[in-house]
>>> print(open('start_20.csv').read())   # CSV, C-alpha atoms and all ligand atoms
chain,number,residue,atom,x,y,z
I,340,MET,CA,-93.8,-10.5,52.2
I,341,ALA,CA,-96.1,-12.8,50.2
I,342,ASN,CA,-97.6,-15.9,51.6
I,343,ILE,CA,-96.3,-19.1,50.0
I,344,LEU,CA,-98.4,-21.4,47.9
I,345,ASP,CA,-96.7,-24.5,49.1
I,346,GLY,CA,-96.9,-27.2,46.4
I,347,ILE,CA,-94.9,-29.7,48.4
I,348,LYS,CA,-97.2,-29.6,51.4
I,349,LEU,CA,-100.4,-29.5,49.4
I,350,SER,CA,-99.3,-32.3,47.0
I,351,LYS,CA,-98.5,-34.5,50.0
I,352,GLN,CA,-101.9,-33.9,51.4
I,353,ILE,CA,-103.5,-34.8,48.0
I,354,LYS,CA,-101.5,-37.9,47.7
I,355,GLN,CA,-102.5,-38.9,51.2
I,356,GLU,CA,-106.2,-38.4,50.2
I,357,ILE,CA,-105.7,-40.6,47.1
I,358,LYS,CA,-103.9,-43.3,49.1
I,359,GLU,CA,-106.8,-43.5,51.5
I,360,GLU,CA,-109.3,-43.6,48.7
I,361,VAL,CA,-107.3,-46.4,47.0
I,362,SER,CA,-107.2,-48.4,50.3
I,363,LYS,CA,-111.0,-48.2,50.6
I,364,PHE,CA,-111.5,-49.6,47.1
I,365,VAL,CA,-108.9,-52.4,47.6
I,366,GLU,CA,-110.3,-53.3,51.0
I,367,LYS,CA,-113.7,-53.9,49.3
I,368,GLY,CA,-111.9,-56.4,47.0
I,369,ASN,CA,-111.3,-54.2,44.0
I,370,ARG,CA,-108.0,-54.2,42.1
I,371,ALA,CA,-105.7,-51.3,42.5
I,372,PRO,CA,-105.6,-48.4,40.0
I,373,HIS,CA,-103.0,-49.0,37.2
I,374,LEU,CA,-101.0,-46.4,35.4
I,375,SER,CA,-98.6,-47.2,32.6
I,376,ALA,CA,-95.9,-45.1,30.9
I,377,ILE,CA,-94.2,-45.4,27.6
I,378,LEU,CA,-90.7,-44.1,27.5
I,379,VAL,CA,-88.8,-43.8,24.2
I,380,GLY,CA,-85.0,-43.5,24.4
I,381,GLU,CA,-82.7,-42.5,27.2
I,382,ASN,CA,-83.2,-38.8,27.5
I,383,GLY,CA,-82.0,-38.0,31.1
I,384,ALA,CA,-84.7,-35.6,32.1
I,385,SER,CA,-87.4,-37.9,30.7
I,386,VAL,CA,-86.0,-41.0,32.6
I,387,THR,CA,-86.1,-38.9,35.8
I,388,TYR,CA,-89.7,-37.8,35.1
I,389,VAL,CA,-90.9,-41.3,34.5
I,390,ASP,CA,-89.0,-42.6,37.5
I,391,ASN,CA,-90.8,-40.0,39.7
I,392,LYS,CA,-94.2,-40.9,38.2
I,393,ILE,CA,-93.6,-44.6,39.1
I,394,LYS,CA,-92.5,-43.7,42.6
I,395,ASP,CA,-95.6,-41.5,43.0
I,396,CYS,CA,-97.7,-44.5,42.0
I,397,GLN,CA,-96.1,-46.7,44.6
I,398,ALA,CA,-96.6,-44.1,47.3
I,399,VAL,CA,-100.3,-44.1,46.8
I,400,GLY,CA,-100.8,-47.8,46.2
I,401,PHE,CA,-101.3,-47.8,42.4
I,402,ARG,CA,-99.9,-50.5,40.2
I,403,SER,CA,-97.5,-49.1,37.6
I,404,SER,CA,-95.9,-50.4,34.6
I,405,LEU,CA,-93.2,-49.1,32.2
I,406,VAL,CA,-92.9,-49.8,28.5
I,407,ARG,CA,-89.3,-48.9,27.5
I,408,LEU,CA,-88.6,-48.6,23.8
I,409,PRO,CA,-85.4,-47.8,21.9
I,410,GLU,CA,-84.7,-44.3,20.5
I,411,THR,CA,-84.7,-45.9,17.0
I,412,ILE,CA,-88.2,-47.3,17.2
I,413,SER,CA,-90.3,-46.4,14.1
I,414,GLU,CA,-93.5,-44.4,14.3
I,415,GLU,CA,-95.5,-47.4,13.2
I,416,GLU,CA,-94.0,-49.6,15.9
I,417,LEU,CA,-94.8,-47.0,18.6
I,418,LEU,CA,-98.4,-46.7,17.3
I,419,ASN,CA,-98.6,-50.5,17.6
I,420,GLU,CA,-97.5,-50.3,21.3
I,421,ILE,CA,-100.1,-47.6,21.9
I,422,SER,CA,-102.9,-49.7,20.3
I,423,LYS,CA,-102.0,-52.5,22.8
I,424,LEU,CA,-102.3,-50.2,25.8
I,425,ASN,CA,-105.5,-48.6,24.3
I,426,ILE,CA,-107.4,-51.9,24.6
I,427,ASP,CA,-105.7,-53.2,27.8
I,428,ASP,CA,-108.6,-53.5,30.3
I,429,SER,CA,-106.2,-53.8,33.2
I,430,LEU,CA,-105.0,-50.2,32.6
I,431,ASP,CA,-106.8,-47.1,33.8
I,432,GLY,CA,-104.5,-44.8,32.0
I,433,PHE,CA,-101.1,-44.3,30.3
I,434,ILE,CA,-98.8,-41.6,29.3
I,435,VAL,CA,-96.3,-41.3,26.5
I,436,GLN,CA,-93.4,-39.3,27.9
I,437,LEU,CA,-92.6,-36.3,25.8
I,438,PRO,CA,-90.5,-35.2,23.9
I,439,LEU,CA,-90.3,-38.0,21.4
I,440,PRO,CA,-87.4,-38.5,19.0
I,441,LYS,CA,-87.5,-36.1,16.0
I,442,HIS,CA,-88.4,-38.8,13.4
I,443,ILE,CA,-91.7,-39.4,15.3
I,444,ASP,CA,-94.7,-37.2,14.7
I,445,GLN,CA,-95.8,-36.2,18.2
I,446,GLU,CA,-99.2,-35.1,17.0
I,447,LYS,CA,-99.9,-38.5,15.4
I,448,ILE,CA,-98.9,-40.2,18.7
I,449,ILE,CA,-101.2,-38.0,20.9
I,450,MET,CA,-104.1,-38.5,18.4
I,451,ALA,CA,-103.6,-42.3,18.7
I,452,ILE,CA,-104.1,-42.4,22.5
I,453,ASN,CA,-107.6,-43.6,23.6
I,454,PRO,CA,-109.1,-40.4,25.1
I,455,ASP,CA,-110.5,-42.5,28.0
I,456,LYS,CA,-107.0,-43.5,29.0
I,457,ASP,CA,-105.4,-40.1,28.2
I,458,VAL,CA,-104.5,-39.2,31.8
I,459,ASP,CA,-102.1,-36.5,30.6
I,460,GLY,CA,-105.2,-34.8,29.1
I,461,PHE,CA,-103.3,-34.0,25.8
I,462,HIS,CA,-105.7,-35.6,23.4
I,463,PRO,CA,-107.8,-33.0,21.4
I,464,GLU,CA,-111.0,-34.7,22.7
I,465,ASN,CA,-110.0,-34.0,26.3
I,466,PHE,CA,-108.9,-30.5,25.3
I,467,GLY,CA,-112.3,-29.8,23.6
I,468,LYS,CA,-114.2,-31.2,26.6
I,469,MET,CA,-112.2,-28.9,28.9
I,470,ALA,CA,-113.0,-25.9,26.7
I,471,LEU,CA,-116.7,-26.9,26.6
I,472,GLU,CA,-116.8,-27.4,30.4
I,473,MET,CA,-117.5,-31.1,30.0
I,474,ASP,CA,-116.0,-33.9,32.2
I,475,GLY,CA,-112.7,-35.2,30.9
I,476,PHE,CA,-109.0,-35.3,31.8
I,477,LEU,CA,-107.4,-31.9,32.5
I,478,PRO,CA,-103.7,-31.4,31.6
I,479,ALA,CA,-101.7,-31.9,34.8
I,480,THR,CA,-100.0,-28.6,35.2
I,481,PRO,CA,-103.0,-26.3,34.8
I,482,TYR,CA,-105.1,-28.7,36.8
I,483,GLY,CA,-102.6,-28.6,39.6
I,484,ILE,CA,-102.7,-24.8,39.6
I,485,MET,CA,-106.5,-24.8,39.8
I,486,VAL,CA,-106.4,-27.2,42.7
I,487,MET,CA,-103.8,-25.0,44.4
I,488,LEU,CA,-105.9,-21.9,44.0
I,489,GLU,CA,-109.0,-23.7,45.3
I,490,ARG,CA,-107.3,-25.3,48.3
I,491,TYR,CA,-105.6,-22.0,49.3
I,492,ASN,CA,-109.0,-20.2,48.9
I,493,ILE,CA,-107.5,-17.7,46.4
I,494,SER,CA,-110.4,-15.6,45.2
I,495,THR,CA,-110.6,-15.7,41.3
I,496,GLU,CA,-114.2,-14.5,40.6
I,497,GLY,CA,-114.1,-11.3,38.5
I,498,LYS,CA,-110.4,-11.1,38.9
I,499,ASP,CA,-108.1,-9.9,36.1
I,500,VAL,CA,-105.7,-12.8,35.2
I,501,VAL,CA,-102.7,-12.6,32.9
I,502,VAL,CA,-101.2,-15.8,31.6
I,503,ILE,CA,-97.8,-15.4,30.0
I,504,GLY,CA,-97.1,-18.2,27.5
I,505,ARG,CA,-99.6,-20.0,25.2
I,506,SER,CA,-98.2,-23.6,25.1
I,507,ARG,CA,-100.7,-26.4,24.6
I,508,ILE,CA,-99.9,-28.0,27.9
I,509,VAL,CA,-99.8,-25.0,30.1
I,510,GLY,CA,-100.6,-21.5,29.0
I,511,LYS,CA,-103.5,-22.1,26.6
I,512,PRO,CA,-105.4,-24.6,28.8
I,513,MET,CA,-104.7,-22.4,31.9
I,514,SER,CA,-106.3,-19.4,30.2
I,515,ILE,CA,-109.4,-21.5,29.3
I,516,LEU,CA,-109.7,-23.0,32.9
I,517,MET,CA,-109.5,-19.6,34.5
I,518,SER,CA,-112.2,-18.2,32.2
I,519,ARG,CA,-114.6,-21.1,32.8
I,520,LYS,CA,-117.6,-20.8,35.0
I,521,GLY,CA,-117.1,-21.8,38.6
I,522,ASN,CA,-114.5,-21.7,41.4
I,523,PRO,CA,-111.7,-21.4,40.7
I,524,GLY,CA,-112.5,-19.6,37.4
I,525,ASP,CA,-114.9,-16.8,36.5
I,526,SER,CA,-111.9,-14.6,35.8
I,527,THR,CA,-111.3,-12.2,33.0
I,528,VAL,CA,-108.3,-13.6,31.3
I,529,THR,CA,-105.6,-12.2,29.0
I,530,LEU,CA,-103.4,-14.7,27.3
I,531,THR,CA,-100.0,-13.2,26.4
I,532,HIS,CA,-97.0,-14.4,24.4
I,533,SER,CA,-93.9,-13.3,22.7
I,534,LYS,CA,-95.7,-11.1,20.2
I,535,THR,CA,-97.7,-9.3,22.9
I,536,LYS,CA,-97.2,-5.5,22.7
I,537,ASP,CA,-96.5,-3.8,26.1
I,538,LEU,CA,-96.8,-6.9,28.2
I,539,VAL,CA,-96.1,-4.8,31.3
I,540,GLU,CA,-99.3,-2.8,30.7
I,541,TYR,CA,-101.2,-6.1,31.2
I,542,THR,CA,-99.2,-7.6,34.1
I,543,LYS,CA,-99.3,-4.3,36.0
I,544,LYS,CA,-103.1,-4.4,36.2
I,545,ALA,CA,-103.5,-8.1,36.9
I,546,ASP,CA,-104.8,-9.5,40.1
I,547,ILE,CA,-103.2,-12.9,39.2
I,548,VAL,CA,-100.2,-13.4,37.0
I,549,ILE,CA,-99.4,-16.9,35.8
I,550,THR,CA,-96.0,-17.2,34.1
I,551,ALA,CA,-95.3,-20.1,31.8
I,552,LEU,CA,-92.6,-19.0,29.4
I,553,GLY,CA,-89.4,-20.6,30.5
I,554,VAL,CA,-87.3,-17.4,30.8
I,555,PRO,CA,-85.5,-17.3,34.2
I,556,HIS,CA,-86.3,-14.4,36.4
I,557,PHE,CA,-88.4,-12.7,33.7
I,558,LEU,CA,-91.1,-11.2,35.9
I,559,LYS,CA,-89.8,-8.3,38.0
I,560,ALA,CA,-91.4,-6.5,40.9
I,561,GLU,CA,-92.1,-3.4,38.8
I,562,MET,CA,-94.2,-5.5,36.4
I,563,ILE,CA,-96.8,-6.4,39.0
I,564,LYS,CA,-99.2,-4.5,41.2
I,565,ASP,CA,-99.1,-4.6,45.0
I,566,GLY,CA,-100.9,-7.6,46.4
I,567,ALA,CA,-101.0,-9.6,43.2
I,568,VAL,CA,-101.1,-13.4,43.3
I,569,ILE,CA,-98.1,-14.9,41.4
I,570,VAL,CA,-98.0,-18.5,40.0
I,571,ASP,CA,-94.7,-19.4,38.5
I,572,VAL,CA,-94.8,-22.4,36.2
I,573,GLY,CA,-91.3,-22.0,34.7
I,574,ILE,CA,-88.5,-24.4,35.4
I,575,THR,CA,-85.2,-23.8,33.7
I,576,ARG,CA,-81.9,-25.4,34.4
I,577,VAL,CA,-79.3,-22.6,34.8
I,578,ASP,CA,-75.7,-23.6,34.7
I,579,ASP,CA,-74.0,-23.1,38.1
I,580,SER,CA,-70.6,-24.6,38.8
I,581,THR,CA,-71.0,-23.9,42.5
I,582,LYS,CA,-73.8,-26.5,42.7
I,583,GLU,CA,-73.1,-30.2,43.0
I,584,ARG,CA,-75.4,-31.0,40.1
I,585,GLY,CA,-73.8,-28.2,38.0
I,586,PHE,CA,-77.1,-26.3,37.7
I,587,TYR,CA,-79.9,-24.8,39.7
I,588,LEU,CA,-83.6,-24.6,38.8
I,589,ALA,CA,-84.9,-21.2,38.1
I,590,GLY,CA,-88.5,-20.0,37.8
I,591,ASP,CA,-89.8,-17.3,35.5
I,592,VAL,CA,-90.2,-15.0,38.4
I,593,ASP,CA,-87.6,-12.9,40.2
I,594,PHE,CA,-88.7,-14.5,43.4
I,595,SER,CA,-87.1,-12.3,46.1
I,596,GLU,CA,-88.2,-9.0,44.7
I,597,VAL,CA,-91.6,-10.1,43.5
I,598,ALA,CA,-92.4,-11.9,46.8
I,599,ALA,CA,-91.9,-8.6,48.6
I,600,LYS,CA,-94.7,-7.1,46.7
I,601,ALA,CA,-97.1,-10.0,46.0
I,602,SER,CA,-99.8,-11.4,48.4
I,603,TRP,CA,-99.3,-15.0,47.4
I,604,ILE,CA,-96.5,-16.7,45.4
I,605,THR,CA,-95.4,-20.1,44.3
I,606,PRO,CA,-91.7,-21.0,44.9
I,607,VAL,CA,-89.5,-22.8,42.3
I,608,PRO,CA,-88.9,-25.5,43.1
I,609,GLY,CA,-91.7,-26.6,45.4
I,610,GLY,CA,-94.6,-24.8,43.9
I,611,VAL,CA,-96.4,-25.9,40.7
I,612,GLY,CA,-94.0,-28.9,39.9
I,613,PRO,CA,-95.2,-31.2,42.8
I,614,MET,CA,-98.8,-30.3,42.0
I,615,THR,CA,-98.3,-31.4,38.4
I,616,ARG,CA,-97.1,-34.8,39.6
I,617,ALA,CA,-100.0,-35.2,42.0
I,618,MET,CA,-102.6,-34.4,39.2
I,619,LEU,CA,-101.5,-37.3,37.1
I,620,LEU,CA,-102.5,-39.5,40.0
I,621,LYS,CA,-105.7,-37.7,40.4
I,622,ASN,CA,-106.6,-38.2,36.7
I,623,THR,CA,-105.7,-41.9,37.0
I,624,MET,CA,-107.9,-42.2,40.1
I,625,GLN,CA,-110.7,-40.5,38.1
I,626,SER,CA,-110.3,-43.0,35.3
I,627,TYR,CA,-110.2,-45.9,37.8
I,628,THR,CA,-113.4,-44.9,39.5
I,629,ASN,CA,-115.1,-44.6,36.1
I,630,ASN,CA,-113.8,-48.1,35.2
I,631,ILE,CA,-114.8,-50.1,38.2
I,632,GLN,CA,-118.2,-48.6,38.7
U,701,LIG,P1,-93.2,-23.4,25.7
U,701,LIG,O1,-93.8,-24.4,24.8
U,701,LIG,O2,-91.7,-23.4,26.0
U,701,LIG,O3,-93.6,-21.9,25.2
U,701,LIG,C1,-93.2,-20.8,25.9
U,701,LIG,C2,-94.3,-19.7,25.7
U,701,LIG,O4,-93.8,-18.5,26.3
U,701,LIG,C3,-94.6,-19.4,24.2
U,701,LIG,O5,-96.0,-19.2,24.1
U,701,LIG,C4,-93.9,-18.1,24.0
U,701,LIG,O6,-94.5,-17.3,23.0
U,701,LIG,C5,-93.9,-17.5,25.3
U,701,LIG,N1,-92.8,-16.5,25.5
U,701,LIG,C6,-91.5,-16.8,25.4
U,701,LIG,N2,-90.8,-15.7,25.6
U,701,LIG,C7,-91.6,-14.7,25.9
U,701,LIG,C8,-91.5,-13.4,26.3
U,701,LIG,N3,-90.3,-12.8,26.4
U,701,LIG,N4,-92.6,-12.7,26.6
U,701,LIG,C9,-93.8,-13.2,26.5
U,701,LIG,N5,-94.0,-14.5,26.2
U,701,LIG,C10,-92.9,-15.3,25.9
U,701,LIG,O7,-93.9,-23.4,27.2
U,701,LIG,P2,-94.2,-24.5,28.2
U,701,LIG,O8,-94.0,-25.9,27.6
U,701,LIG,O9,-95.5,-24.2,28.8
U,701,LIG,O10,-93.1,-24.3,29.3
U,701,LIG,C11,-92.9,-23.0,29.9
U,701,LIG,C12,-92.1,-23.2,31.2
U,701,LIG,O11,-92.8,-24.0,32.1
U,701,LIG,C13,-90.8,-24.0,31.0
U,701,LIG,O12,-89.8,-23.4,31.9
U,701,LIG,C14,-91.1,-25.4,31.4
U,701,LIG,O13,-90.0,-26.1,31.8
U,701,LIG,C15,-92.0,-25.1,32.5
U,701,LIG,N6,-93.0,-26.2,32.8
U,701,LIG,C16,-93.2,-26.5,34.1
U,701,LIG,C17,-94.1,-27.4,34.5
U,701,LIG,C18,-94.3,-27.7,35.9
U,701,LIG,O14,-94.8,-28.8,36.3
U,701,LIG,N7,-93.9,-26.8,36.8
U,701,LIG,C19,-94.8,-28.1,33.5
U,701,LIG,C20,-94.7,-27.8,32.1
U,701,LIG,C21,-93.7,-26.8,31.8
U,701,LIG,P3,-94.8,-17.7,21.5
U,701,LIG,O15,-95.9,-18.7,21.5
U,701,LIG,O16,-95.1,-16.4,20.8
U,701,LIG,O17,-93.5,-18.3,21.0
>>> encode(input="start_20.csv", output="structure tokens")
Amino acid sequence: MANILDGIKLSKQIKQEIKEEVSKFVEKGNRAPHLSAILVGENGASVTYVDNKIKDCQAVGFRSSLVRLPETISEEELLNEISKLNIDDSLDGFIVQLPLPKHIDQEKIIMAINPDKDVDGFHPENFGKMALEMDGFLPATPYGIMVMLERYNISTEGKDVVVIGRSRIVGKPMSILMSRKGNPGDSTVTLTHSKTKDLVEYTKKADIVITALGVPHFLKAEMIKDGAVIVDVGITRVDDSTKERGFYLAGDVDFSEVAAKASWITPVPGGVGPMTRAMLLKNTMQSYTNNIQ
């Protein structure tokens, strides 16, 4: 049976470290770090995500603020709001909760964010810095996975890594980070997607498999080799009338059978998700220390 990469436990530890760091700065007379979020519309999942981000800020002693805007806001008005936050010196970072309403061009919005305040790490400047191994903000989910591998001492040097999924926010940056020099990193990475031929040929040889496709229970035991490390990013709501909420959260990995063969595995929920949340705080802390020094 595989060991568990416990994202709940580790994220609590990281939040505790951030909280202690914040206290030290505040005791010296500095202001607290400040994260802001822009939320457009009333999308249920987005409201929950933003609420959680605000709670996380409170838990570590950050100041937080929320800019709530109607679903009907025009692109120009939203760009105006972003301009205000871009030049607000009291803010260390802000996020624009995605997805945005269809009439708004997401790319244009991301491009408008000041890269120095882009604590989601979505701006192309930060993406480019990541690829070039320069300092910048890393996107939270891949960052969280890197920290998890590091803290659990998972060896990555020279390992064969297969990433399934090539999204901008998870798969693609993940593949770049694992192939960068350093620890974690120094891996030989294969980035796969829906057009990959014979995916199993790759996953069967991989020392580490990172799934980010959003297809529940996709990765089966026969697709991996004995002792592989499995990181499951997927979170999909699957209808289930026996549950109080009417659904359960499924990962991309068929957990019970894959766990029996793997050496390490992340559960869903309780694996990558909590790490993602903690990394937004870590990026904000990084921006804060840049700002006050
Ligand atoms: P996405 O934009 O939904 O893209 C999915 C990717 O998977 C695409 O690259 C797609 O290939 C690939 N794919 C789909 N079906 C495939 C198949 N049968 N075989 C191989 N590749 C396949 O991805 P995302 O936004 O990264 O989200 C992926 C999952 O992670 C979702 O469940 C999402 O909810 C979850 N997620 C979790 C966290 C967290 O904190 N835990 C954060 C972000 C996302 P093509 O490019 O060819 O279409």
>>> closest_residue(input="start_20.csv", among="I:Ser626, I:Gly380, I:Lys441, I:Met614", to="Val486 of chain I", atoms="only C-alpha atoms")
I:Met614
>>> closest_residue(input="start_20.csv", among="I:Val509, I:Ile549, I:Leu417, I:Val379", to="ligand LIG 701 (chain U)", atoms="all atoms listed in the file")
I:Val509
>>> residues_around(input="start_20.csv", residues="Gly609 of chain I", least_positions_apart="5", cutoff="8 Å", atoms="all atoms listed in the file", output="list in words")
Asp345, Gly346 and Ile347 of chain I
>>> residues_around(input="start_20.csv", residues="Lys600 of chain I", least_positions_apart="4", cutoff="12 Å", atoms="all atoms listed in the file", output="PyMOL selection string")
chain I and resi 340-342+543+559-569+593-596+604
>>> closest_residue(input="start_20.csv", among="I:Thr628, I:Thr615, I:Ser580, I:Asn391", to="Thr480 of chain I", atoms="all atoms listed in the file")
I:Thr615
>>> residues_near_ligand(input="start_20.csv", ligand="ligand LIG 701 (chain U)", cutoff="6 Å", atoms="all atoms listed in the file", output="VMD selection string")
chain I and resid 480 503 to 506 508 to 510 532 to 534 551 to 553 572 to 575 611 to 612 615
>>> closest_atom_pairs(input="start_20.csv", of="segment 431-516 of chain I", to="segment 385-390 of chain I", cutoff="9 Å", atoms="all atoms listed in the file", output="CSV")
residue,atom,partner,partner_atom,distance
I:Gln436,CA,I:Ser385,CA,6.8
I:Leu437,CA,I:Ser385,CA,7.3
I:Pro438,CA,I:Ser385,CA,7.9
>>> residues_near_point(input="start_20.csv", point="(-98.5, -41.5, 44.1)", cutoff="8 Å", atoms="only C-alpha atoms", output="list in words")
Lys354, Ile357, Lys358, Lys392, Ile393, Lys394, Asp395, Cys396, Gln397, Ala398, Val399, Gly400, Phe401, Ala617 and Leu620 of chain I
>>> residues_around(input="start_20.csv", residues="Leu424 of chain I", least_positions_apart="6", cutoff="9 Å", atoms="all atoms listed in the file", output="list in words")
Ser375, Leu430, Gly432, Phe433, Ile452, Asn453 and Lys456 of chain I
>>> closest_residue(input="start_20.csv", among="I:Thr605, I:Ser413, I:Gln632, I:Asn369", to="Leu344 of chain I", atoms="all atoms listed in the file")
I:Thr605
>>> closest_residue(input="start_20.csv", among="I:Thr495, I:Thr623, I:Asn465, I:Asn629", to="Ala376 of chain I", atoms="all atoms listed in the file")
I:Thr623
>>> closest_residue(input="start_20.csv", among="I:Gln352, I:Ser404, I:Ser526, I:Ser362", to="Met624 of chain I", atoms="only C-alpha atoms")
I:Ser362
>>> atom_distance(input="start_20.csv", atom1="atom CA of Gly497 of chain I", atom2="atom CA of Ala545 of chain I")
11.2 Å
>>> atom_distance(input="start_20.csv", atom1="atom CA of Arg616 of chain I", atom2="atom CA of Glu496 of chain I")
26.6 Å
>>> build_atoms(input="start_20.csv", residues="segment 431-451 of chain I", atoms="N, CA and C atoms", output="compact mmCIF listing (two decimals), in the coordinates of the input")
# COMPACT_ATOMS: atom_id res chain seq x y z
N ASP I 431 -105.86 -48.25 33.72
CA ASP I 431 -106.80 -47.10 33.80
C ASP I 431 -106.31 -45.94 32.98
N GLY I 432 -105.00 -45.87 32.80
CA GLY I 432 -104.50 -44.80 32.00
C GLY I 432 -103.04 -45.01 31.64
N PHE I 433 -102.58 -44.29 30.62
CA PHE I 433 -101.10 -44.30 30.30
C PHE I 433 -100.69 -42.99 29.75
N ILE I 434 -99.40 -42.80 29.86
CA ILE I 434 -98.80 -41.60 29.30
C ILE I 434 -97.71 -41.95 28.34
N VAL I 435 -97.50 -41.12 27.35
CA VAL I 435 -96.30 -41.30 26.50
C VAL I 435 -95.43 -40.08 26.86
N GLN I 436 -94.28 -40.40 27.45
CA GLN I 436 -93.40 -39.30 27.90
C GLN I 436 -92.87 -38.52 26.73
N LEU I 437 -93.04 -37.21 26.80
CA LEU I 437 -92.60 -36.30 25.80
C LEU I 437 -91.27 -35.63 26.25
N PRO I 438 -90.39 -35.16 25.40
CA PRO I 438 -90.50 -35.20 23.90
C PRO I 438 -90.14 -36.55 23.35
N LEU I 439 -90.60 -36.76 22.11
CA LEU I 439 -90.30 -38.00 21.40
C LEU I 439 -89.13 -37.68 20.41
N PRO I 440 -88.41 -38.73 19.95
CA PRO I 440 -87.40 -38.50 19.00
C PRO I 440 -87.93 -37.78 17.73
N LYS I 441 -87.05 -37.04 17.07
CA LYS I 441 -87.50 -36.10 16.00
C LYS I 441 -88.19 -36.85 14.82
N HIS I 442 -87.82 -38.15 14.59
CA HIS I 442 -88.40 -38.80 13.40
C HIS I 442 -89.86 -39.28 13.72
N ILE I 443 -90.33 -39.04 14.93
CA ILE I 443 -91.70 -39.40 15.30
C ILE I 443 -92.60 -38.21 15.37
N ASP I 444 -93.76 -38.29 14.73
CA ASP I 444 -94.70 -37.20 14.70
C ASP I 444 -95.50 -37.17 16.02
N GLN I 445 -95.17 -36.24 16.88
CA GLN I 445 -95.80 -36.20 18.20
C GLN I 445 -97.32 -36.10 18.14
N GLU I 446 -97.79 -35.29 17.19
CA GLU I 446 -99.20 -35.10 17.00
C GLU I 446 -99.95 -36.42 16.75
N LYS I 447 -99.33 -37.17 15.82
CA LYS I 447 -99.90 -38.50 15.40
C LYS I 447 -100.00 -39.38 16.64
N ILE I 448 -98.98 -39.33 17.48
CA ILE I 448 -98.90 -40.20 18.70
C ILE I 448 -100.04 -39.77 19.65
N ILE I 449 -100.14 -38.48 19.90
CA ILE I 449 -101.20 -38.00 20.90
C ILE I 449 -102.56 -38.37 20.34
N MET I 450 -102.75 -38.19 19.04
CA MET I 450 -104.10 -38.50 18.40
C MET I 450 -104.42 -39.99 18.55
N ALA I 451 -103.38 -40.83 18.66
CA ALA I 451 -103.60 -42.30 18.70
C ALA I 451 -104.02 -42.79 20.07
